[in-house]
file query_8.pdb (PDB, C-alpha atoms)
ATOM      1  CA  ALA A   5     -16.718  22.893   5.609
ATOM      2  CA  GLN A   6     -14.226  20.283   4.584
ATOM      3  CA  SER A   7     -15.837  17.094   3.306
ATOM      4  CA  VAL A   8     -14.737  14.025   1.420
ATOM      5  CA  THR A   9     -17.056  11.932  -0.753
ATOM      6  CA  GLN A  10     -16.378   8.449  -2.004
ATOM      7  CA  LEU A  11     -18.701   7.841  -4.892
ATOM      8  CA  ASP A  12     -18.902   4.055  -4.701
ATOM      9  CA  SER A  13     -19.665   2.074  -1.568
ATOM     10  CA  GLN A  14     -18.693  -1.218  -3.221
ATOM     11  CA  VAL A  15     -16.542  -2.050  -6.236
ATOM     12  CA  PRO A  16     -16.318  -5.651  -7.489
ATOM     13  CA  VAL A  17     -13.589  -6.470 -10.001
ATOM     14  CA  PHE A  18     -11.936  -9.563 -11.388
ATOM     15  CA  GLU A  19      -8.423 -10.506 -10.415
ATOM     16  CA  GLU A  20      -5.729  -8.888 -12.600
ATOM     17  CA  ALA A  21      -8.204  -6.270 -13.858
ATOM     18  CA  PRO A  22      -7.572  -2.548 -13.348
ATOM     19  CA  VAL A  23      -9.513  -0.651 -10.717
ATOM     20  CA  GLU A  24     -10.323   2.967  -9.910
ATOM     21  CA  LEU A  25     -11.794   4.073  -6.599
ATOM     22  CA  ARG A  26     -13.262   7.547  -6.773
ATOM     23  CA  CYS A  27     -12.920  10.336  -4.249
ATOM     24  CA  ASN A  28     -14.008  13.946  -4.380
ATOM     25  CA  TYR A  29     -13.291  16.627  -1.848
ATOM     26  CA  SER A  30     -14.672  20.035  -1.106
ATOM     27  CA  SER A  31     -12.648  22.755   0.432
ATOM     28  CA  SER A  32     -12.011  26.427  -0.011
ATOM     29  CA  VAL A  33      -8.509  26.242   1.447
ATOM     30  CA  SER A  34      -5.327  24.303   0.828
ATOM     31  CA  VAL A  35      -5.905  20.636   1.364
ATOM     32  CA  TYR A  36      -3.943  17.510   2.096
ATOM     33  CA  LEU A  37      -5.349  14.221   0.814
ATOM     34  CA  PHE A  38      -4.785  10.622   1.841
ATOM     35  CA  TRP A  39      -5.843   7.099   0.980
ATOM     36  CA  TYR A  40      -5.946   4.502   3.738
ATOM     37  CA  VAL A  41      -6.718   0.776   3.515
ATOM     38  CA  GLN A  42      -8.383  -1.347   6.169
ATOM     39  CA  TYR A  43      -8.046  -5.118   5.969
ATOM     40  CA  PRO A  44     -10.596  -7.233   7.884
ATOM     41  CA  ASN A  45     -10.302  -6.924  11.650
ATOM     42  CA  GLN A  46      -7.407  -4.518  11.407
ATOM     43  CA  GLY A  47      -6.759  -0.815  11.789
ATOM     44  CA  LEU A  48      -6.097   1.554   8.913
ATOM     45  CA  GLN A  49      -2.833   1.658   6.990
ATOM     46  CA  LEU A  50      -1.624   4.567   4.875
ATOM     47  CA  LEU A  51      -1.465   3.814   1.137
ATOM     48  CA  LEU A  52      -0.369   7.230  -0.108
ATOM     49  CA  LYS A  53      -0.736  10.940   0.465
ATOM     50  CA  TYR A  54      -0.753  14.178  -1.487
ATOM     51  CA  LEU A  55       0.627  17.269   0.193
ATOM     52  CA  SER A  56       1.912  19.336  -2.731
ATOM     53  CA  GLY A  57       4.019  19.057  -5.854
ATOM     54  CA  SER A  58       3.489  16.361  -8.470
ATOM     55  CA  THR A  59      -0.179  15.552  -8.908
ATOM     56  CA  LEU A  60       0.529  11.853  -9.481
ATOM     57  CA  VAL A  61       1.289  10.136  -6.222
ATOM     58  CA  LYS A  62       2.608   6.599  -5.964
ATOM     59  CA  GLY A  63       1.940   4.507  -2.905
ATOM     60  CA  ILE A  64       2.475   1.051  -1.540
ATOM     61  CA  ASN A  65       1.256  -2.212  -3.078
ATOM     62  CA  GLY A  66       1.235  -0.766  -6.607
ATOM     63  CA  PHE A  67      -1.442   1.860  -5.945
ATOM     64  CA  GLU A  68      -1.307   5.404  -7.254
ATOM     65  CA  ALA A  69      -3.595   8.413  -7.122
ATOM     66  CA  GLU A  70      -3.953  11.589  -9.123
ATOM     67  CA  PHE A  71      -4.782  14.929  -7.565
ATOM     68  CA  ASN A  72      -7.023  16.994  -9.849
ATOM     69  CA  LYS A  73      -7.665  20.457  -8.493
ATOM     70  CA  SER A  74     -10.083  21.539 -11.226
ATOM     71  CA  GLN A  75     -12.288  18.500 -10.638
ATOM     72  CA  THR A  76     -11.619  18.421  -6.876
ATOM     73  CA  SER A  77     -10.845  14.729  -7.166
ATOM     74  CA  PHE A  78      -8.257  12.324  -5.815
ATOM     75  CA  HIS A  79      -9.019   8.961  -7.426
ATOM     76  CA  LEU A  80      -7.086   5.839  -6.491
ATOM     77  CA  ARG A  81      -5.963   3.444  -9.196
ATOM     78  CA  LYS A  82      -4.209   0.118  -9.610
ATOM     79  CA  PRO A  83      -3.489  -1.379 -13.036
ATOM     80  CA  SER A  84      -3.854  -5.005 -11.937
ATOM     81  CA  VAL A  85      -5.468  -6.120  -8.677
ATOM     82  CA  HIS A  86      -4.837  -9.258  -6.649
ATOM     83  CA  ILE A  87      -7.014 -11.220  -4.270
ATOM     84  CA  SER A  88      -4.960  -9.755  -1.424
ATOM     85  CA  ASP A  89      -6.235  -6.258  -2.312
ATOM     86  CA  THR A  90      -9.661  -7.188  -0.955
ATOM     87  CA  ALA A  91     -10.251  -4.573   1.734
ATOM     88  CA  GLU A  92     -12.035  -1.336   2.511
ATOM     89  CA  TYR A  93     -10.430   1.830   1.204
ATOM     90  CA  PHE A  94     -10.851   5.248   2.750
ATOM     91  CA  CYS A  95     -10.135   8.618   1.240
ATOM     92  CA  ALA A  96      -9.372  11.340   3.774
ATOM     93  CA  GLY A  97      -8.641  15.026   3.769
ATOM     94  CA  ALA A  98      -7.218  17.542   6.179
ATOM     95  CA  ILE A  99      -7.290  21.303   6.267
ATOM     96  CA  GLN A 100      -3.958  22.964   6.764
ATOM     97  CA  GLY A 101      -3.613  23.901  10.403
ATOM     98  CA  ALA A 102      -6.260  21.483  11.652
ATOM     99  CA  GLN A 103      -4.966  18.403  13.384
ATOM    100  CA  LYS A 104      -7.656  16.010  12.226
ATOM    101  CA  LEU A 105      -8.672  13.974   9.216
ATOM    102  CA  VAL A 106     -12.084  13.931   7.599
ATOM    103  CA  PHE A 107     -12.810  10.518   6.110
ATOM    104  CA  GLY A 108     -15.033   9.453   3.258
ATOM    105  CA  GLN A 109     -17.556   6.687   3.828
ATOM    106  CA  GLY A 110     -15.246   4.035   2.452
ATOM    107  CA  THR A 111     -15.277   1.796  -0.630
ATOM    108  CA  ARG A 112     -15.304  -1.955  -0.219
ATOM    109  CA  LEU A 113     -13.143  -3.525  -2.928
ATOM    110  CA  THR A 114     -14.004  -7.128  -3.699
ATOM    111  CA  ILE A 115     -11.753  -9.159  -5.977
ATOM    112  CA  ASN A 116     -13.313 -12.084  -7.804
ATOM    113  CA  PRO A 117     -11.104 -14.901  -9.118
TER
ATOM    114  CA  LYS B  13       9.301  -1.245  16.698
ATOM    115  CA  ALA B  14       5.990  -1.992  18.341
ATOM    116  CA  GLY B  15       2.875  -0.556  16.749
ATOM    117  CA  VAL B  16      -0.076   1.173  18.327
ATOM    118  CA  THR B  17      -1.648  -1.001  21.003
ATOM    119  CA  GLN B  18      -5.270  -0.695  22.037
ATOM    120  CA  THR B  19      -6.894  -2.446  24.965
ATOM    121  CA  PRO B  20      -9.257  -4.082  25.396
ATOM    122  CA  ARG B  21      -9.893  -5.397  21.885
ATOM    123  CA  TYR B  22     -13.475  -6.393  22.607
ATOM    124  CA  LEU B  23     -15.896  -5.468  25.332
ATOM    125  CA  ILE B  24     -19.585  -5.655  26.083
ATOM    126  CA  LYS B  25     -21.379  -3.155  28.277
ATOM    127  CA  THR B  26     -24.973  -2.338  29.107
ATOM    128  CA  ARG B  27     -26.765   0.967  28.716
ATOM    129  CA  GLY B  28     -25.931   3.490  31.409
ATOM    130  CA  GLN B  29     -22.537   2.022  32.224
ATOM    131  CA  GLN B  30     -19.274   3.733  31.499
ATOM    132  CA  VAL B  31     -16.199   2.464  29.672
ATOM    133  CA  THR B  32     -12.524   3.370  29.476
ATOM    134  CA  LEU B  33     -10.397   2.469  26.483
ATOM    135  CA  SER B  34      -6.627   2.615  26.413
ATOM    136  CA  CYS B  35      -4.142   3.409  23.667
ATOM    137  CA  SER B  36      -0.367   3.078  23.754
ATOM    138  CA  PRO B  37       1.209   4.938  20.833
ATOM    139  CA  ILE B  38       4.372   4.087  18.974
ATOM    140  CA  SER B  39       7.415   5.013  20.997
ATOM    141  CA  GLY B  40       8.392   8.608  20.345
ATOM    142  CA  HIS B  41       4.998   9.631  19.006
ATOM    143  CA  ARG B  42       3.496  12.532  20.913
ATOM    144  CA  SER B  43       0.147  12.843  19.176
ATOM    145  CA  VAL B  44      -2.764  10.494  19.749
ATOM    146  CA  SER B  45      -6.081  10.770  17.929
ATOM    147  CA  TRP B  46      -9.293   8.857  18.486
ATOM    148  CA  TYR B  47     -11.879   7.940  15.866
ATOM    149  CA  GLN B  48     -15.238   6.198  16.064
ATOM    150  CA  GLN B  49     -16.101   3.805  13.231
ATOM    151  CA  THR B  50     -19.670   2.639  12.636
ATOM    152  CA  PRO B  51     -21.359   1.149   9.550
ATOM    153  CA  GLY B  52     -23.764   4.072   9.304
ATOM    154  CA  GLN B  53     -21.554   7.056  10.080
ATOM    155  CA  GLY B  54     -18.190   5.756   8.917
ATOM    156  CA  LEU B  55     -15.070   7.142  10.569
ATOM    157  CA  GLN B  56     -15.610  10.177  12.735
ATOM    158  CA  PHE B  57     -12.992  12.170  14.574
ATOM    159  CA  LEU B  58     -13.375  12.281  18.345
ATOM    160  CA  PHE B  59     -10.351  14.214  19.625
ATOM    161  CA  GLU B  60      -6.605  14.583  19.388
ATOM    162  CA  TYR B  61      -4.048  15.002  22.139
ATOM    163  CA  PHE B  62      -0.533  16.288  21.873
ATOM    164  CA  SER B  63       1.818  16.468  24.834
ATOM    165  CA  GLU B  64      -1.052  15.948  27.294
ATOM    166  CA  THR B  65      -3.158  18.765  25.789
ATOM    167  CA  GLN B  66      -6.300  18.353  23.752
ATOM    168  CA  ARG B  67      -5.596  20.083  20.470
ATOM    169  CA  ASN B  68      -8.764  19.293  18.534
ATOM    170  CA  LYS B  69     -12.191  17.973  19.319
ATOM    171  CA  GLY B  70     -14.896  16.540  17.103
ATOM    172  CA  ASN B  71     -18.659  16.944  17.341
ATOM    173  CA  PHE B  72     -19.423  14.430  20.047
ATOM    174  CA  PRO B  73     -21.375  14.992  23.267
ATOM    175  CA  GLY B  74     -19.625  15.629  26.546
ATOM    176  CA  ARG B  75     -20.100  11.975  27.532
ATOM    177  CA  PHE B  76     -17.025  11.323  25.416
ATOM    178  CA  SER B  77     -13.814  12.465  27.035
ATOM    179  CA  GLY B  78     -10.152  11.658  26.888
ATOM    180  CA  ARG B  79      -6.796  12.368  28.348
ATOM    181  CA  GLN B  80      -3.151  11.814  27.648
ATOM    182  CA  PHE B  81      -0.438  10.978  30.112
ATOM    183  CA  SER B  82       3.149  12.171  30.243
ATOM    184  CA  ASN B  83       4.312   8.961  28.525
ATOM    185  CA  SER B  84       1.916   9.754  25.624
ATOM    186  CA  ARG B  85      -0.425   6.899  26.458
ATOM    187  CA  SER B  86      -4.015   7.958  26.079
ATOM    188  CA  GLU B  87      -7.368   6.913  27.427
ATOM    189  CA  MET B  88     -10.844   7.733  26.286
ATOM    190  CA  ASN B  89     -13.905   7.423  28.449
ATOM    191  CA  VAL B  90     -17.553   7.186  27.535
ATOM    192  CA  SER B  91     -20.048   7.691  30.335
ATOM    193  CA  THR B  92     -23.734   6.794  30.439
ATOM    194  CA  LEU B  93     -23.454   4.465  27.491
ATOM    195  CA  GLU B  94     -26.174   4.425  24.844
ATOM    196  CA  LEU B  95     -26.951   1.739  22.280
ATOM    197  CA  GLY B  96     -25.648   4.048  19.548
ATOM    198  CA  ASP B  97     -22.215   4.076  21.122
ATOM    199  CA  SER B  98     -21.638   0.550  19.825
ATOM    200  CA  ALA B  99     -18.711   0.969  17.452
ATOM    201  CA  LEU B 100     -15.100   0.252  16.697
ATOM    202  CA  TYR B 101     -12.959   2.865  18.415
ATOM    203  CA  LEU B 102      -9.670   3.458  16.672
ATOM    204  CA  CYS B 103      -6.643   5.165  18.080
ATOM    205  CA  ALA B 104      -3.923   6.625  15.873
ATOM    206  CA  SER B 105      -0.551   8.015  16.766
ATOM    207  CA  SER B 106       1.853  10.269  14.934
ATOM    208  CA  LEU B 107       4.986  12.200  15.616
ATOM    209  CA  GLY B 108       2.664  15.117  16.074
ATOM    210  CA  GLY B 109       4.180  17.881  14.060
ATOM    211  CA  THR B 110       1.362  18.512  11.648
ATOM    212  CA  ILE B 111      -1.434  16.575   9.987
ATOM    213  CA  THR B 112       0.873  16.025   7.013
ATOM    214  CA  GLY B 113       2.529  13.233   8.905
ATOM    215  CA  GLU B 114       1.356   9.665   8.656
ATOM    216  CA  LEU B 115      -1.148   8.395  11.173
ATOM    217  CA  PHE B 116      -0.482   4.908  12.518
ATOM    218  CA  PHE B 117      -3.637   3.139  13.602
ATOM    219  CA  GLY B 118      -4.187   0.457  16.180
ATOM    220  CA  GLU B 119      -6.500  -2.482  15.566
ATOM    221  CA  GLY B 120      -9.247  -0.869  17.559
ATOM    222  CA  SER B 121     -11.475  -1.606  20.527
ATOM    223  CA  ARG B 122     -14.840  -3.008  19.549
ATOM    224  CA  LEU B 123     -17.510  -1.872  21.980
ATOM    225  CA  THR B 124     -20.933  -3.458  22.066
ATOM    226  CA  VAL B 125     -23.618  -1.782  24.176
ATOM    227  CA  LEU B 126     -26.620  -3.946  25.092
TER
END
call {"tool": "encode", "arguments": {"input": "query_8.pdb", "output": "structure tokens"}}
result
Amino acid sequence: AQSVTQLDSQVPVFEEAPVELRCNYSSSVSVYLFWYVQYPNQGLQLLLKYLSGSTLVKGINGFEAEFNKSQTSFHLRKPSVHISDTAEYFCAGAIQGAQKLVFGQGTRLTINP
Amino acid sequence: KAGVTQTPRYLIKTRGQQVTLSCSPISGHRSVSWYQQTPGQGLQFLFEYFSETQRNKGNFPGRFSGRQFSNSRSEMNVSTLELGDSALYLCASSLGGTITGELFFGEGSRLTVL
């Protein structure tokens, strides 16, 4: 069965430091991968997605993610975070042909000044 | 253009009651999906509708149901509410072609069951 695992429930970092949020997936079929962000009291917003092609995907707000098939990972990175990046981040996957997303448990990113 | 609108934003019910939540998708979007978000279980897929037909369903009991109207607006209903149904219910719309398209989420309806 398709599943998505986010390895860290919380990640605290200092402002302007780099950050990596980890995500692993399991699937025996072709997979599409996404990162969504949820700011307090809001719905989810798409940061970036991997469907095929280049394994390095660039998204909004300076985020990028790298698809690694051999390690079944799709980690999210940002070279320098800002206070405004404080939010919960969700990795999600979909199986080709299935009209639904499977979400990871989420990683709460806290930025300290 | 207007985003996904969910109503009501907050509601309180008691055990045994039923509730109906509404979702108006972005204009032109034909697919509407529903997710339940709780601190313990995270985000779980409930069901997805496309052109008034349920295309996918998650692993929820039959107390959870939904429908979609000809204008793509969707409702979900939960009958015989239980304490564990307390959650944020999120609706997402998309053009509806395939899952490769972006999902646009509403701000959610927060249900509290007492």
call {"tool": "resolve_selection", "arguments": {"input": "query_8.pdb", "expression": "the PyMOL selection byres ((chain B) within 6 of (chain A))", "output": "ChimeraX atom specification"}}
result
/B:54,111,117-119
call {"tool": "write_last_selection", "arguments": {"input": "query_8.pdb", "atoms": "C-alpha atoms", "output": "compact mmCIF listing (two decimals), keeping the file's coordinate frame"}}
result
# COMPACT_ATOMS: atom_id res chain seq x y z
CA GLY B 54 -18.19 5.76 8.92
CA ILE B 111 -1.43 16.58 9.99
CA PHE B 117 -3.64 3.14 13.60
CA GLY B 118 -4.19 0.46 16.18
CA GLU B 119 -6.50 -2.48 15.57
call {"tool": "residues_around", "arguments": {"input": "query_8.pdb", "residues": "A:Pro117", "least_positions_apart": "4", "cutoff": "12 Å", "atoms": "only C-alpha atoms", "output": "ChimeraX atom specification"}}
result
/A:16-21,85-88,90
call {"tool": "atom_distance", "arguments": {"input": "query_8.pdb", "atom1": "atom CA of A:Pro22", "atom2": "atom CA of A:Lys82"}}
result
5.7 Å
call {"tool": "resolve_selection", "arguments": {"input": "query_8.pdb", "expression": "the PyMOL selection byres ((chain B and resi 24-35) around 10)", "output": "MDAnalysis selection string"}}
result
chainID B and resid 16:23 36:38 44:46 75:80 84:98 101:105 118 120:126
call {"tool": "resolve_selection", "arguments": {"input": "query_8.pdb", "expression": "the PyMOL selection byres ((chain B and resi 41) around 7)", "output": "list in words"}}
result
Pro37, Ile38, Ser39, Gly40, Arg42, Ser43, Ser105, Ser106, Leu107 and Gly108 of chain B
call {"tool": "atom_distance", "arguments": {"input": "query_8.pdb", "atom1": "atom CA of A:Lys73", "atom2": "atom CA of B:Asn71"}}
result
28.3 Å
call {"tool": "atom_distance", "arguments": {"input": "query_8.pdb", "atom1": "atom CA of B:Thr112", "atom2": "atom CA of A:Ser77"}}
result
18.4 Å
call {"tool": "residues_around", "arguments": {"input": "query_8.pdb", "residues": "B:Gln56", "least_positions_apart": "6", "cutoff": "7 Å", "atoms": "all atoms listed in the file", "output": "ChimeraX atom specification"}}
result
/B:47-49
call {"tool": "closest_residue", "arguments": {"input": "query_8.pdb", "among": "A:Tyr43, A:Tyr29, A:Phe71, A:Tyr93", "to": "A:Gln14", "atoms": "all atoms listed in the file"}}
result
A:Tyr93
call {"tool": "closest_residue", "arguments": {"input": "query_8.pdb", "among": "A:Cys95, A:His79, A:Asp89, A:Thr111", "to": "A:Gly66", "atoms": "all atoms listed in the file"}}
result
A:Asp89
